[in-house]
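J.: Next up, input37.pdb (PDB, C-alpha atoms).
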ATOM      1  CA  MET A   9      -7.556 -27.140 -11.379
ATOM      2  CA  SER A  10      -8.643 -25.095  -8.408
ATOM      3  CA  THR A  11      -8.792 -21.336  -8.685
ATOM      4  CA  ALA A  12      -8.405 -20.625  -4.964
ATOM      5  CA  PRO A  13      -4.563 -20.680  -4.866
ATOM      6  CA  TRP A  14      -4.341 -18.160  -7.710
ATOM      7  CA  LEU A  15      -6.808 -15.805  -6.096
ATOM      8  CA  LEU A  16      -5.056 -16.187  -2.738
ATOM      9  CA  ALA A  17      -1.707 -15.421  -4.375
ATOM     10  CA  SER A  18      -3.072 -12.277  -5.989
ATOM     11  CA  GLY A  19      -4.567 -11.142  -2.687
ATOM     12  CA  VAL A  20      -1.278 -11.694  -0.860
ATOM     13  CA  LEU A  21       0.614  -9.784  -3.529
ATOM     14  CA  LEU A  22      -1.839  -6.908  -3.348
ATOM     15  CA  ALA A  23      -1.796  -6.740   0.440
ATOM     16  CA  GLY A  24       1.898  -7.272   0.983
ATOM     17  CA  GLY A  25       3.550  -5.812  -2.069
ATOM     18  CA  ILE A  26       1.727  -2.910  -3.612
ATOM     19  CA  GLY A  27       1.565  -0.786  -0.455
ATOM     20  CA  PRO A  28       5.315  -0.746   0.259
ATOM     21  CA  ALA A  29       6.051  -0.283  -3.435
ATOM     22  CA  VAL A  30       3.803   2.780  -3.648
ATOM     23  CA  LEU A  31       5.382   4.146  -0.466
ATOM     24  CA  LEU A  32       8.841   3.643  -1.941
ATOM     25  CA  SER A  33       7.877   5.349  -5.183
ATOM     26  CA  SER A  34       6.450   8.385  -3.409
ATOM     27  CA  ARG A  35       9.384   9.188  -1.097
ATOM     28  CA  GLY A  36      13.142   9.377  -1.142
ATOM     29  CA  THR A  37      15.676  10.137  -3.804
ATOM     30  CA  SER A  38      15.131   9.837  -7.523
ATOM     31  CA  ALA A  39      16.762   6.397  -7.589
ATOM     32  CA  HIS A  40      14.448   5.125  -4.841
ATOM     33  CA  ARG A  41      11.398   6.459  -6.638
ATOM     34  CA  LEU A  42      12.519   4.793  -9.857
ATOM     35  CA  VAL A  43      12.909   1.456  -8.073
ATOM     36  CA  GLY A  44       9.457   1.924  -6.546
ATOM     37  CA  LEU A  45       7.990   2.663  -9.955
ATOM     38  CA  GLN A  46       9.496  -0.512 -11.388
ATOM     39  CA  LEU A  47       8.305  -2.536  -8.392
ATOM     40  CA  VAL A  48       4.743  -1.237  -8.712
ATOM     41  CA  GLY A  49       4.714  -2.081 -12.414
ATOM     42  CA  SER A  50       6.116  -5.569 -11.893
ATOM     43  CA  LEU A  51       3.771  -6.395  -9.027
ATOM     44  CA  SER A  52       0.774  -5.090 -10.950
ATOM     45  CA  VAL A  53       1.595  -7.347 -13.888
ATOM     46  CA  VAL A  54       1.999 -10.391 -11.635
ATOM     47  CA  VAL A  55      -1.262  -9.622  -9.806
ATOM     48  CA  LEU A  56      -3.148  -9.275 -13.086
ATOM     49  CA  VAL A  57      -1.701 -12.543 -14.394
ATOM     50  CA  THR A  58      -2.656 -14.428 -11.222
ATOM     51  CA  LEU A  59      -6.139 -12.929 -11.308
ATOM     52  CA  SER A  60      -6.514 -13.991 -14.931
ATOM     53  CA  LEU A  61      -5.472 -17.533 -14.052
ATOM     54  CA  GLY A  62      -7.639 -17.548 -10.941
ATOM     55  CA  LEU A  63     -10.713 -16.429 -12.822
ATOM     56  CA  GLY A  64     -10.047 -18.893 -15.617
ATOM     57  CA  ARG A  65     -10.046 -16.191 -18.274
ATOM     58  CA  PRO A  66      -6.889 -16.399 -20.407
ATOM     59  CA  ASP A  67      -8.241 -13.639 -22.642
ATOM     60  CA  TYR A  68      -7.580 -11.202 -19.755
ATOM     61  CA  LEU A  69      -3.823 -11.707 -20.235
ATOM     62  CA  ILE A  70      -3.729  -8.899 -22.797
ATOM     63  CA  VAL A  71      -4.055  -6.316 -20.011
ATOM     64  CA  PRO A  72      -0.805  -7.261 -18.224
ATOM     65  CA  LEU A  73       0.949  -7.475 -21.586
ATOM     66  CA  VAL A  74       0.007  -3.878 -22.357
ATOM     67  CA  LEU A  75       0.923  -2.845 -18.801
ATOM     68  CA  VAL A  76       4.433  -4.263 -19.244
ATOM     69  CA  LEU A  77       4.969  -2.074 -22.292
ATOM     70  CA  LEU A  78       3.535   1.015 -20.596
ATOM     71  CA  SER A  79       5.598   0.422 -17.466
ATOM     72  CA  PHE A  80       8.780   0.203 -19.496
ATOM     73  CA  ALA A  81       7.901   3.371 -21.410
ATOM     74  CA  GLY A  82       7.058   5.141 -18.135
ATOM     75  CA  THR A  83      10.447   4.241 -16.724
ATOM     76  CA  LEU A  84      12.183   5.655 -19.778
ATOM     77  CA  VAL A  85      10.227   8.894 -19.503
ATOM     78  CA  PHE A  86      10.938   9.106 -15.764
ATOM     79  CA  THR A  87      14.684   8.735 -16.247
ATOM     80  CA  ARG A  88      14.740  11.106 -19.227
ATOM     81  CA  LEU A  89      12.920  13.883 -17.374
ATOM     82  CA  LEU A  90      15.055  13.587 -14.258
ATOM     83  CA  GLY A  91      18.389  13.402 -16.008
ATOM     84  CA  VAL A  92      21.324  13.542 -13.624
ATOM     85  CA  ARG A  93      19.798  15.753 -10.951
ATOM     86  CA  ASP A  94      18.862  14.339  -7.575
ATOM     87  CA  ASP A  95      16.590  15.781  -4.932
TER      88      ASP A  95
END
Re-express the file's structure as structure tokens.
T.:
Amino acid sequence: MSTAPWLLASGVLLAGGIGPAVLLSSRGTSAHRLVGLQLVGSLSVVVLVTLSLGLGRPDYLIVPLVLVLLSFAGTLVFTRLLGVRDD
């Protein structure tokens, strides 16, 4: 199996997805920032999985697994600290 499509997919996701997601998470209302935070976490996990497959190293899959758990916990903390207020 060729590794080029996986590496190309991770590059496309990095170039086209992470930038707008970071922009969304840094501006706007609390709801928009929360959506941006979730999008950054999801895209980061997908990029790390495609890089792991592209490099042929399945032992690197532990990093995205931990990132999923940390992203979920970060979202809970974000919503708990903000409560019902909105900027």
J.: Step by step, work through what the PyMOL selection byres ((chain A and resi 21-36) around 9) selects in the shown file, and finish by giving those residues as a list in words.
T.: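 Expected selection for the PyMOL selection byres ((chain A and resi 21-36) around 9) here is Leu16, Ala17, Ser18, Gly19, Val20, Thr37, Ser38, Ala39, His40, Arg41, Leu42, Val43, Gly44, Leu45, Gln46, Leu47, Val48, Leu51, Ser52, Val54, Val55 and Asp95 of chain A.
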J.: State, in Å with one decimal place, the distance from atom CA of A:Thr58 to atom CA of A:Leu75.
T.: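 That distance, rounded to one decimal, is 14.3 Å.
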J.: Exactly which residues make up the result of the PyMOL selection byres ((chain A and resi 62-66) around 10) on this file, given as a count of residues only?
T.: 20
J.: Atom CA of A:Gly49 and atom CA of A:Leu90 are how many Å apart?
T.: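 Atom-to-atom, atom CA of A:Gly49 to atom CA of A:Leu90, that is 18.9 Å.
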J.: Please, what distance in Å, to one decimal, runs between atom CA of A:Val53 and atom CA of A:Leu84?
T.: 17.8 Å
J.: To box stretch 83-87 of chain A, take all atoms listed in the file, fit an axis-aligned box, add 8 Å on each side, and give centre and edge lengths in Å to one decimal, as JSON.
T.:
{"center_x": 12.5, "center_y": 6.7, "center_z": -17.8, "size_x": 20.5, "size_y": 20.9, "size_z": 20.0}
